[in-house]
$ cat data-v8.cif   # mmCIF, C-alpha atoms
data_model
loop_
_atom_site.label_atom_id
_atom_site.label_comp_id
_atom_site.auth_asym_id
_atom_site.auth_seq_id
_atom_site.Cartn_x
_atom_site.Cartn_y
_atom_site.Cartn_z
CA MET A 135 241.30 -50.24 117.51
CA LYS A 136 243.74 -52.45 119.41
CA LYS A 137 241.97 -53.16 122.69
CA TRP A 138 238.43 -53.95 123.66
CA THR A 139 236.66 -50.94 125.14
CA GLY A 140 233.91 -53.06 126.65
CA THR A 141 233.91 -56.12 128.89
CA LEU A 142 231.25 -58.35 127.39
CA ILE A 143 233.44 -59.62 124.55
CA GLY A 144 236.89 -59.34 126.09
CA GLY A 145 235.91 -61.63 128.96
CA GLY A 146 232.97 -63.43 127.46
CA LEU A 147 234.02 -65.51 124.48
CA GLY A 148 234.28 -69.27 124.65
CA PHE A 149 232.77 -71.46 121.92
CA ALA A 150 232.41 -68.48 119.54
CA LEU A 151 236.17 -68.57 118.91
CA LEU A 152 235.93 -72.14 117.69
CA GLY A 153 234.35 -73.90 114.71
CA PRO A 154 232.64 -71.95 111.90
CA LEU A 155 232.10 -68.87 114.08
CA GLY A 156 235.77 -68.79 114.96
CA GLY A 157 236.60 -68.92 111.27
CA ILE A 158 234.43 -65.87 110.69
CA ILE A 159 235.58 -63.68 113.57
CA GLY A 160 238.75 -65.32 114.90
CA ALA A 161 241.36 -63.39 112.93
CA TYR A 162 239.59 -60.10 113.52
CA VAL A 163 239.20 -60.70 117.24
CA GLY A 164 242.84 -61.73 117.44
CA SER A 165 243.91 -58.42 115.91
CA MET A 166 241.95 -56.52 118.54
CA MET A 167 243.15 -58.44 121.60
CA THR A 168 246.72 -58.43 122.87
CA GLY A 169 248.91 -60.28 125.37
CA GLU A 170 247.28 -62.91 127.54
CA ASN A 171 243.86 -62.16 126.07
CA SER A 172 244.82 -62.98 122.48
CA ALA A 173 242.31 -65.02 120.51
CA ALA A 174 244.94 -67.66 119.78
CA GLN A 175 245.80 -68.12 123.45
CA ARG A 176 242.14 -68.15 124.48
CA GLN A 177 241.45 -70.82 121.91
CA GLN A 178 244.34 -72.97 123.14
CA GLU A 179 243.20 -72.61 126.75
CA HIS A 180 239.60 -73.53 125.97
CA PRO A 181 238.65 -77.10 126.95
CA TYR A 182 237.98 -77.86 123.27
CA GLY A 183 240.50 -75.44 121.80
CA ASN A 184 242.70 -78.19 120.40
CA SER A 185 239.81 -80.33 119.22
CA ARG A 186 238.34 -80.45 115.76
CA TYR A 187 234.82 -79.06 115.49
CA ASN A 188 232.25 -81.70 116.34
CA ARG A 189 228.73 -81.61 117.68
CA ASN A 190 229.40 -83.69 120.78
CA ALA A 191 232.29 -81.55 121.97
CA TYR A 192 230.21 -78.41 121.69
CA ALA A 193 227.25 -80.03 123.37
CA ARG A 194 229.45 -80.81 126.37
CA SER A 195 230.41 -77.15 126.68
CA ARG A 196 226.88 -75.73 126.87
CA ASN A 197 227.21 -74.80 130.53
CA GLN A 198 230.11 -72.52 129.58
CA VAL A 199 228.04 -70.31 127.28
CA ARG A 200 228.55 -66.62 128.03
CA SER A 201 226.82 -63.44 126.96
CA GLY A 202 229.64 -62.74 124.52
CA ASP A 203 229.07 -66.06 122.80
CA PHE A 204 225.38 -65.32 122.42
CA ALA A 205 226.09 -61.81 121.12
CA VAL A 206 228.58 -62.95 118.46
CA SER A 207 226.29 -65.79 117.36
CA MET A 208 223.45 -63.32 117.11
CA LEU A 209 225.50 -60.86 115.04
CA THR A 210 226.43 -63.58 112.55
CA LEU A 211 222.75 -64.42 112.06
CA PHE A 212 221.89 -60.69 111.99
CA ALA A 213 224.33 -60.18 109.14
CA TYR A 214 222.91 -63.09 107.16
CA VAL A 215 219.39 -61.66 107.36
CA THR A 216 220.60 -58.13 106.62
CA LYS A 217 222.32 -59.30 103.41
CA ALA A 218 219.47 -61.58 102.31
CA ASP A 219 218.13 -59.11 99.75
CA ASN A 220 221.65 -58.23 98.55
CA THR A 221 221.24 -54.76 100.00
CA VAL A 222 222.48 -53.58 103.38
CA LYS A 223 220.00 -50.88 104.39
CA SER A 224 221.14 -48.08 106.67
CA SER A 225 217.93 -48.52 108.68
CA GLU A 226 218.87 -52.13 109.45
CA VAL A 227 222.42 -51.24 110.46
CA GLN A 228 221.07 -48.44 112.67
CA TYR A 229 218.57 -50.87 114.21
CA VAL A 230 221.40 -53.24 115.06
CA LYS A 231 223.43 -50.42 116.59
CA ASN A 232 220.52 -49.13 118.64
CA TYR A 233 219.68 -52.63 119.79
CA LEU A 234 223.26 -53.33 120.86
CA VAL A 235 223.56 -50.05 122.75
CA ARG A 236 220.26 -50.65 124.49
CA GLN A 237 221.00 -54.25 125.39
CA PHE A 238 224.75 -54.30 126.01
CA GLY A 239 225.81 -50.71 126.74
CA SER A 240 227.66 -48.22 124.55
CA ASN A 241 231.19 -49.59 125.09
CA ASN A 242 230.24 -53.18 124.36
CA ALA A 243 228.08 -52.02 121.45
CA GLN A 244 231.10 -50.33 119.88
CA ASP A 245 233.05 -53.60 119.93
CA LEU A 246 230.09 -55.55 118.61
CA MET A 247 229.49 -53.11 115.76
CA TYR A 248 233.12 -53.52 114.62
CA ILE A 249 232.54 -57.27 114.49
CA TYR A 250 229.13 -56.91 112.82
CA LYS A 251 230.50 -54.74 110.01
CA GLU A 252 233.34 -57.19 109.52
CA ILE A 253 230.91 -60.11 109.28
CA LEU A 254 228.84 -58.23 106.69
CA GLU A 255 231.86 -58.41 104.37
CA LYS A 256 232.26 -62.16 104.69
CA ASP A 257 230.61 -65.11 102.98
CA TYR A 258 229.89 -68.15 105.11
CA ASN A 259 227.83 -71.32 105.22
CA ILE A 260 224.80 -70.48 107.36
CA TYR A 261 224.01 -74.14 107.98
CA ASP A 262 227.41 -74.76 109.57
CA VAL A 263 226.95 -71.66 111.74
CA THR A 264 223.48 -72.67 112.90
CA GLN A 265 224.74 -76.16 113.78
CA GLN A 266 227.45 -74.68 115.99
CA VAL A 267 225.00 -72.30 117.65
CA ARG A 268 222.41 -75.05 118.10
CA SER A 269 224.98 -77.30 119.75
CA ASN A 270 225.91 -74.69 122.33
CA LEU A 271 222.64 -72.99 123.23
CA ASP A 272 219.58 -74.48 124.83
CA TYR A 273 216.27 -74.37 122.98
CA ASN A 274 214.90 -71.39 124.93
CA SER A 275 217.93 -69.31 124.00
CA LEU A 276 217.43 -70.24 120.34
CA LEU A 277 213.85 -68.99 120.54
CA GLU A 278 215.09 -65.64 121.87
CA MET A 279 217.51 -65.45 118.96
CA LEU A 280 214.67 -66.04 116.49
CA HIS A 281 212.62 -63.31 118.15
CA ILE A 282 215.48 -60.85 117.73
CA LEU A 283 215.94 -61.79 114.07
CA PHE A 284 212.36 -60.83 113.24
CA GLY A 285 213.05 -57.46 114.86
CA ILE A 286 216.03 -56.75 112.59
CA ALA A 287 214.15 -57.94 109.50
CA GLY A 288 211.37 -55.45 110.16
CA ALA A 289 213.65 -52.55 111.06
CA ASP A 290 212.68 -50.67 107.90
CA GLY A 291 208.97 -51.26 108.49
CA ASN A 292 208.79 -53.97 105.86
CA TYR A 293 209.35 -57.73 105.93
CA GLY A 294 210.83 -58.68 102.59
CA ARG A 295 210.37 -62.11 101.08
CA LYS A 296 214.10 -62.83 100.98
CA GLU A 297 214.59 -61.72 104.58
CA LEU A 298 211.79 -63.98 105.78
CA SER A 299 213.23 -66.81 103.74
CA ALA A 300 216.61 -66.26 105.43
CA ILE A 301 215.01 -66.34 108.86
CA LYS A 302 213.18 -69.54 108.01
CA GLU A 303 216.44 -71.08 106.81
CA ILE A 304 218.09 -70.11 110.10
CA ALA A 305 215.16 -71.43 112.14
CA ASN A 306 215.37 -74.79 110.37
CA GLY A 307 219.11 -74.97 111.01
CA LEU A 308 218.58 -74.15 114.68
CA GLY A 309 216.02 -76.93 114.97
CA ILE A 310 213.11 -74.68 115.90
CA ASN A 311 209.83 -76.49 115.35
CA GLU A 312 207.11 -75.17 113.06
CA ASN A 313 204.66 -74.21 115.81
CA ASP A 314 207.23 -72.15 117.68
CA TYR A 315 208.38 -70.50 114.46
CA ASN A 316 204.83 -69.52 113.50
CA SER A 317 204.09 -68.29 117.02
CA ILE A 318 207.06 -65.92 117.10
CA LYS A 319 206.47 -64.81 113.52
CA SER A 320 202.89 -63.89 114.44
CA MET A 321 204.16 -61.56 117.17
CA PHE A 322 205.64 -59.42 114.41
CA ILE A 323 203.55 -60.10 111.32
CA LYS A 324 199.77 -60.05 111.54
CA GLU A 325 197.87 -62.05 108.97
CA GLY A 326 194.14 -61.61 109.49
CA SER A 327 192.35 -60.06 112.47
CA ASP A 328 193.76 -59.33 115.92
CA LEU A 329 191.95 -62.41 117.19
CA ASP A 330 193.44 -64.57 114.43
CA GLN A 331 196.85 -63.31 115.45
CA ALA A 332 196.17 -64.17 119.10
CA TYR A 333 195.35 -67.78 118.24
CA GLU A 334 198.46 -68.02 116.06
CA ILE A 335 200.66 -66.74 118.89
CA LEU A 336 199.30 -69.39 121.24
CA GLY A 337 199.71 -72.00 118.53
CA ILE A 338 196.12 -73.27 118.55
CA ALA A 339 193.16 -73.33 116.17
CA SER A 340 190.33 -70.85 116.63
CA ASP A 341 187.85 -73.70 117.16
CA ALA A 342 189.79 -75.19 120.09
CA ASP A 343 187.73 -75.56 123.28
CA ASP A 344 188.34 -73.40 126.37
CA THR A 345 190.26 -76.15 128.14
CA SER A 346 192.66 -76.42 125.21
CA VAL A 347 193.10 -72.64 125.16
CA LYS A 348 194.06 -72.60 128.84
CA LYS A 349 196.40 -75.54 128.37
CA ALA A 350 198.08 -73.87 125.40
CA TYR A 351 198.56 -70.66 127.35
CA ARG A 352 200.12 -72.45 130.33
CA LYS A 353 202.46 -74.31 127.98
CA MET A 354 203.53 -71.15 126.18
CA ALA A 355 203.89 -69.15 129.41
CA THR A 356 206.17 -71.82 130.81
CA LYS A 357 208.21 -72.17 127.61
CA TYR A 358 208.74 -68.44 127.17
CA HIS A 359 209.16 -67.40 130.78
CA PRO A 360 212.03 -64.87 131.06
CA ASP A 361 213.73 -66.93 133.75
CA LYS A 362 214.44 -69.57 131.09
CA VAL A 363 217.16 -67.34 129.64
CA ALA A 364 218.40 -65.71 132.83
CA ASN A 365 221.81 -67.33 132.21
CA LEU A 366 222.32 -65.02 129.24
CA GLY A 367 222.10 -61.92 131.37
CA PRO A 368 219.57 -59.11 131.92
CA GLU A 369 219.97 -57.82 128.36
CA ILE A 370 218.44 -60.91 126.76
CA LYS A 371 215.99 -61.41 129.61
CA GLU A 372 214.39 -58.10 128.63
CA VAL A 373 213.76 -59.46 125.14
CA ALA A 374 212.13 -62.53 126.70
CA GLU A 375 209.89 -60.32 128.81
CA ASN A 376 208.56 -58.61 125.68
CA LYS A 377 207.67 -61.98 124.17
CA PHE A 378 206.07 -63.06 127.43
CA LYS A 379 203.90 -59.94 127.37
CA ALA A 380 202.78 -60.73 123.82
CA ILE A 381 201.65 -64.18 124.95
CA ASN A 382 199.66 -62.73 127.86
CA LYS A 383 198.10 -60.14 125.58
CA ALA A 384 197.06 -62.83 123.11
CA TYR A 385 195.53 -64.96 125.86
CA ASN A 386 193.59 -62.03 127.31
CA LYS A 387 192.22 -61.17 123.87
CA ILE A 388 190.98 -64.73 123.37
CA LYS A 389 189.47 -64.83 126.86
CA GLU A 390 187.65 -61.57 126.21
CA ALA A 391 186.29 -62.79 122.87
CA ARG A 392 185.05 -66.03 124.45
CA GLY A 393 183.88 -64.57 127.75
CA MET A 394 186.23 -66.89 129.63
CA ASN A 395 187.08 -66.39 133.28
#
$ encode --input "data-v8.cif" --output "structure tokens"
Amino acid sequence: MKKWTGTLIGGGLGFALLGPLGGIIGAYVGSMMTGENSAAQRQQEHPYGNSRYNRNAYARSRNQVRSGDFAVSMLTLFAYVTKADNTVKSSEVQYVKNYLVRQFGSNNAQDLMYIYKEILEKDYNIYDVTQQVRSNLDYNSLLEMLHILFGIAGADGNYGRKELSAIKEIANGLGINENDYNSIKSMFIKEGSDLDQAYEILGIASDADDTSVKKAYRKMATKYHPDKVANLGPEIKEVAENKFKAINKAYNKIKEARGMN
């Protein structure tokens, strides 16, 4: 394959061609792009293309984040979770493919799957990758990424210990706080009753008073509102909407159990 069939990657890579991520995908992307769109030229033309990787430079480029950057970052984290148990399951690869087709379209998904399979063959320092991603994406985008990672981990209907450990490692590297991590985890993994799960999603104790419940809901609804990630495009916004629905469902279950208005 010598040219991009889709548009998301060909016209949507910025920071992903630099730093640790660039080291993982740069050579491969360069072999797939020709002429003025070559990876080398794009890197030279980037505002930080001639700079050494550093946190401050990437932080300054946050407003240049594109859907392609998010997608490549996501695939690198996907691959790390997929390989966590030293076995790449066909169900997980198929989940990734289906997800990419659904979220980015078949042409873009084809490009992304080539990159994903290439990444699966590479070894890399996940901490360095998470630091680059963290420096370029706002916190709400990082939460969406965590949500997606739990989806890939459970693609085979089972959440393995090593996969969950990999996700936790990634979450720590991304700077996601413990309450947010537990909230998103609870949307996928139920420990206890449905009501216990609802409280965990809202990040509050079951003995919290009604005022605290309402306050927690408003805080979560604001934090996870789909408009917070509108800059990443409609594909990722749909993921945010699913999380938003889970929060509303949890709140309604608690209200029903308490007889709240």
$ resolve_selection --input "data-v8.cif" --expression "the PyMOL selection byres ((chain A and resi 307-317) around 8)" --output "list in words"
Tyr261, Thr264, Gln265, Val267, Arg268, Tyr273, Leu276, Leu277, Leu280, Glu303, Ile304, Ala305, Asn306, Ile318, Lys319, Ser320, Met321, Glu334, Ile335, Leu336 and Gly337 of chain A
$ resolve_selection --input "data-v8.cif" --expression "the PyMOL selection byres ((chain A and resi 206-221) around 7)" --output "VMD selection string"
chain A and resid 150 202 to 205 222 to 223 226 250 253 to 254 267 279 283 287 296 to 297 300 to 301
$ closest_residue --input "data-v8.cif" --among "A:Ala350, A:Leu152, A:Ile370, A:Tyr293" --to "Asn382 in chain A" --atoms "all atoms listed in the file"
A:Ala350
$ closest_residue --input "data-v8.cif" --among "A:Asn292, A:Asn232, A:Gln244, A:Thr345" --to "Asn395 in chain A" --atoms "all atoms listed in the file"
A:Thr345
$ atom_distance --input "data-v8.cif" --atom1 "CA of Lys251 in chain A" --atom2 "CA of Gly291 in chain A"
21.9 Å
